[in-house]
There are 2 protein chains.
Amino acid sequence: MYLGIDLGGTNIAVGLVDNECHIIKKDSVPTGRKRPFEEIMRDMANLCRKVMAEAGAKDEDIKSIGVGSPGTPDVLKKEIIFASSMPTFRNAPIEKELWKHLPNVPVYVENDANAAAYGEVIAGAAAEYSDAVVVTLGTGIGGGIILNKKIYAGFNHAGSEIGHKVIVLDGIECECGRHGCWEMYASASALIRQTAEAAKKHPESIINEIIGNNKENIDGKTAFDAARCGDETAKKVVKRYIEYLGTGIVDIVNVLQPEAIVIGGGISKEGDNLLNPLNEYVNNFGYGINVAKPKIIIAKLGNDAGIIGAAMLCQQI
Amino acid sequence: MYLGIDLGGTNIAVGLVDNECHIIKKDSVPTGRKRPFEEIMRDMANLCRKVMAEAGAKDEDIKSIGVGSPGTPDVLKKEIIFASSMPTFRNAPIEKELWKHLPNVPVYVENDANAAAYGEVIAGAAAEYSDAVVVTLGTGIGGGIILNKKIYAGFNHAGSEIGHKVIVLDGIECECGRHGCWEMYASASALIRQTAEAAKKHPESIINEIIGNNKENIDGKTAFDAARCGDETAKKVVKRYIEYLGTGIVDIVNVLQPEAIVIGGGISKEGDNLLNPLNEYVNNFGYGINVAKPKIIIAKLGNDAGIIGAAMLCQQI
């Protein structure tokens with residue numbers, strides 16, 4: 001059995017995973033992300049022990065522990081070099097610290113988005129493909145590039161930051177320091193902002209009714225819901241959002257031509273309402289004549305992707 | 001010895017290449033790109049024979065022939081599926097046709113930009129790197145992605161079209177059907193257009209003097225030359241061009257993080273005048289803190305890259 005850990009800014013999730021990539025047992029605790037690195041790691045190790053105990057697993061049953069963490073990993077040193085959301089993770093020795101509590105179990109360290117993408121490709125929506133790019137629409141846009149069933153992240157393991165490619169030169173300022181990054185237009189947060197702006201500008205729009213005139217109630221589903229009611233304002237928001245999303249997807253198609261592009265995050269629950277216009281966009285604008293196009297599919301594992309992907313990092317080597 | 005063929009819309013270039021990637025002998029003939037496929041291939045084969053004869057090489061000395069051609073190859077079938085600049089190349093059986101003239105020599109078929117990128121990585125500017133992205137600034141922007149010393153082009157071998165990722169949403173229309181593609185802003189043609197526009201708008205600019213008031217004389221060097229003379233208009237053109245170029249380069253950095261990015265094409269002759277501001281831009285805007293940055297370097301082999309890369313395609317297998 002394998003332990004897979006999905007470390008997030010909010011929660012630490014731990015899962016015990018079997019050889020068939022099934023989660024036998026899982027649990028989570030709050031991260032308390034600003035606490036000292038050692039405290040966070042201690043809680044992580046304690047949660048591993050708890051999950052193991054509940055499943056009746058002994059130390060010798062655990063073949064490896066995989067940790068998906070925010071930030072840039074040093075996969076050889078088993079460290080996190082830097083993570084903007086985890087202020088105490090600076091050249092943070094994950095393996096060394098875990099070994100204080102769970103000695104000598106092989107440890108693998110990976111970026112959390114990469115681990116989740118890996119999960120989708122080995123056991124989720126893209127299980128039948130060797131190469132895939134996973135695009136997760138959340139606060140930002142997370143990305144993972146899997147080539148030949150292995151994580152690709154460049155020579156410094158800091159790559160696959162697909163949310164931080166510019167689609168609008170001199171556009172909206174991004175936290176990364178650039179202007180016009182894709183995630184400023186096509187993330188779930190961006191869609192929420194676009195929906196709020198449209199609702200304010202069009203008091204007659206059904207959007208305002210759906211949200212009880214409280215913009216705090218807007219989520220990634222609101223514009224799609226209002227569009228389904230026939231609301232013209234919402235239809236325009238959705239149409240433009242598909243253009244923003246499609247622009248970045250076609251960029252991925254033209255440069256990487258992966259077998260599959262997997263869309264994850266809350267907005268992906270729209271299913272065909274999202275896929276159909278997106279496929280149309282990609283077919284219209286993707287480069288290449290007379291060649292097969294990548295399949296665009298919806299992620300399957302949700303939050304479990306990070307746990308399963310982390311647990312199975314040992315299989316990459 | 002190996003035969004490497006760089007098939008272009010203007011010329012067919014053939015080179016005889018030794019084990020150390022040196023060109024022993026090379027020659028070229030006009031392509032006549034609109035002629036029947038069989039005629040073009042016959043001329044290509046005849047040129048191979050001529051180069052071989054001049055170098056005293058016999059049939060049994062030739063280990064393989066590699067063909068870098070415009071368009072999308074089927075590397076297994078040794079065909080070109082489609083090439084917009086070669087109207088008679090439609091599922092064109094390169095190997096079959098070459099074998100009519102040069103029987104049974106192993107044939108490899110590749111996209112011309114990929115073959116040239118491969119040449120730079122095995123024998124040129126990026127010889128010391130395993131992974132590199134080659135960016136060629138010409139009429140458009142050609143790209144080649146080399147990972148672990150092999151050409152990466154996606155599952156359908158149509159990838160690495162880096163010139164066709166959008167940096168200006170709803171921007172200038174591109175031949176590919178999209179608007180705002182990188183090559184519409186950062187190719188040599190784009191710089192020439194930007195220089196012409198600035199010269200027209202600023203009659204006092206030295207640019208007009210340099211080109212003898214004839215915009216036909218503008219090339220990719222003009223703005224750099226005028227900027228070196230202290231011309232403010234030209235300085236602004238160059239500064240903005242670096243922003244256009246840097247935007248796409250940073251996109252490549254953030255997504256792929258290759259060890260090296262190789263800049264080719266006429267503009268790359270500016271050397272440090274191009275590299276210094278470009279490196280500054282990438283250092284300012286590239287994603288990732290405390291991680292190594294890709295090296296940006298100038299291509300070395302010029303037009304020979306395509307011949308050498310094509311000749312050595314056999315080494316990829």
# chains A, B, ... in the order shown; residues from 1 in each chain; ligands from 1

call {"tool": "interface_residues", "arguments": {"of": "chain A", "to": "chain B", "cutoff": "9 Å", "atoms": "only C-alpha atoms", "output": "MDAnalysis selection string"}}
result
chainID A and resid 71:72 81:84 131 143 145 152:170 176:178 180 244 247:248 250:259 284:294

call {"tool": "residues_around", "arguments": {"residues": "Ala305 of chain A", "least_positions_apart": "3", "cutoff": "9 Å", "atoms": "only C-alpha atoms", "output": "PyMOL selection string"}}
result
chain A and resi 6+115-120+123-124+299-302+308-310

call {"tool": "write_last_selection", "arguments": {"atoms": "C-alpha atoms", "output": "PDB file, in the first residue's frame"}}
result
ATOM      1  CA  ASP A   6      -2.330  16.255  -0.916  1.00  0.00           C
ATOM      2  CA  ALA A 115       0.555  15.129  -8.651  1.00  0.00           C
ATOM      3  CA  ALA A 116      -3.171  15.662  -9.307  1.00  0.00           C
ATOM      4  CA  ALA A 117      -2.584  15.635 -13.068  1.00  0.00           C
ATOM      5  CA  TYR A 118      -0.620  12.420 -12.685  1.00  0.00           C
ATOM      6  CA  GLY A 119      -3.546  10.913 -10.766  1.00  0.00           C
ATOM      7  CA  GLU A 120      -5.980  11.728 -13.576  1.00  0.00           C
ATOM      8  CA  ALA A 123      -6.285   6.302 -12.734  1.00  0.00           C
ATOM      9  CA  GLY A 124      -8.784   8.936 -13.877  1.00  0.00           C
ATOM     10  CA  ALA A 299     -11.614  15.257 -15.019  1.00  0.00           C
ATOM     11  CA  LYS A 300     -13.000  12.323 -13.047  1.00  0.00           C
ATOM     12  CA  LEU A 301     -11.281  12.033  -9.685  1.00  0.00           C
ATOM     13  CA  GLY A 302     -11.984  15.466  -8.196  1.00  0.00           C
ATOM     14  CA  ILE A 308      -3.864   9.063  -5.825  1.00  0.00           C
ATOM     15  CA  GLY A 309      -1.284  10.869  -7.943  1.00  0.00           C
ATOM     16  CA  ALA A 310       0.947  11.511  -4.909  1.00  0.00           C
TER      17      ALA A 310
END

call {"tool": "closest_residue", "arguments": {"among": "A:Glu95, A:Asp304, A:Asp43, A:Glu232", "to": "Ile24 of chain A", "atoms": "only C-alpha atoms"}}
result
A:Asp304

call {"tool": "closest_residue", "arguments": {"among": "B:Asn104, B:Thr31, B:Ser69, B:Thr136", "to": "Ala188 of chain B", "atoms": "only C-alpha atoms"}}
result
B:Thr136

call {"tool": "residues_around", "arguments": {"residues": "Glu270 of chain A", "least_positions_apart": "5", "cutoff": "12 Å", "atoms": "only C-alpha atoms", "output": "list in words"}}
result
Gly220, Lys221, Thr222, Ala223, Phe224, Asp225, Arg228, Val238, Ile263, Gly264, Gly265, Leu275, Asn276, Pro277, Leu278, Ile297, Ile298 and Ala299 of chain A

call {"tool": "closest_residue", "arguments": {"among": "A:Tyr108, A:Tyr129, A:Ala57, A:Ile192", "to": "Lys96 of chain A", "atoms": "only C-alpha atoms"}}
result
A:Tyr108

call {"tool": "residues_around", "arguments": {"residues": "Ala199 of chain A", "least_positions_apart": "3", "cutoff": "10 Å", "atoms": "only C-alpha atoms", "output": "list in words"}}
result
Arg193, Gln194, Thr195, Ala196, His202, Pro203, Glu204, Ser205, Ile206, Ile207, Asn208, Glu209, Ile211, Asn213, Lys215, Ile218, Ala223, Thr233, Ala234 and Val237 of chain A

call {"tool": "residues_around", "arguments": {"residues": "Ile62 of chain B", "least_positions_apart": "2", "cutoff": "10 Å", "atoms": "only C-alpha atoms", "output": "PyMOL selection string"}}
result
chain B and resi 1-3+16-18+52+57-60+64-65+105-106

call {"tool": "atom_distance", "arguments": {"atom1": "atom CA of Ser189 of chain A", "atom2": "atom CA of Gly138 of chain A"}}
result
6.6 Å

call {"tool": "atom_distance", "arguments": {"atom1": "atom CA of Gly140 of chain B", "atom2": "atom CA of Asn217 of chain B"}}
result
19.1 Å

call {"tool": "select_by_dssp", "arguments": {"residues": "segment 3-40 of chain B", "states": "strand (DSSP E or B)", "output": "ChimeraX atom specification"}}
result
/B:3-7,11-17,23-30

call {"tool": "write_last_selection", "arguments": {"atoms": "C-alpha atoms", "output": "compact mmCIF listing (two decimals), in the first residue's frame"}}
result
# COMPACT_ATOMS: atom_id res chain seq x y z
CA LEU B 3 22.18 12.53 -46.63
CA GLY B 4 20.29 15.44 -45.10
CA ILE B 5 17.69 17.28 -47.15
CA ASP B 6 16.22 20.65 -46.25
CA LEU B 7 13.21 21.06 -48.50
CA ASN B 11 15.13 25.71 -52.60
CA ILE B 12 15.90 22.06 -52.09
CA ALA B 13 19.20 21.86 -50.17
CA VAL B 14 21.03 18.54 -49.93
CA GLY B 15 24.08 17.85 -47.77
CA LEU B 16 26.30 14.84 -47.24
CA VAL B 17 27.03 14.67 -43.53
CA ILE B 23 28.73 18.73 -43.89
CA ILE B 24 31.18 17.18 -46.37
CA LYS B 25 29.44 18.51 -49.45
CA LYS B 26 26.24 20.40 -50.12
CA ASP B 27 24.30 21.86 -53.00
CA SER B 28 20.86 23.22 -53.81
CA VAL B 29 18.36 23.59 -56.65
CA PRO B 30 15.13 25.60 -56.94
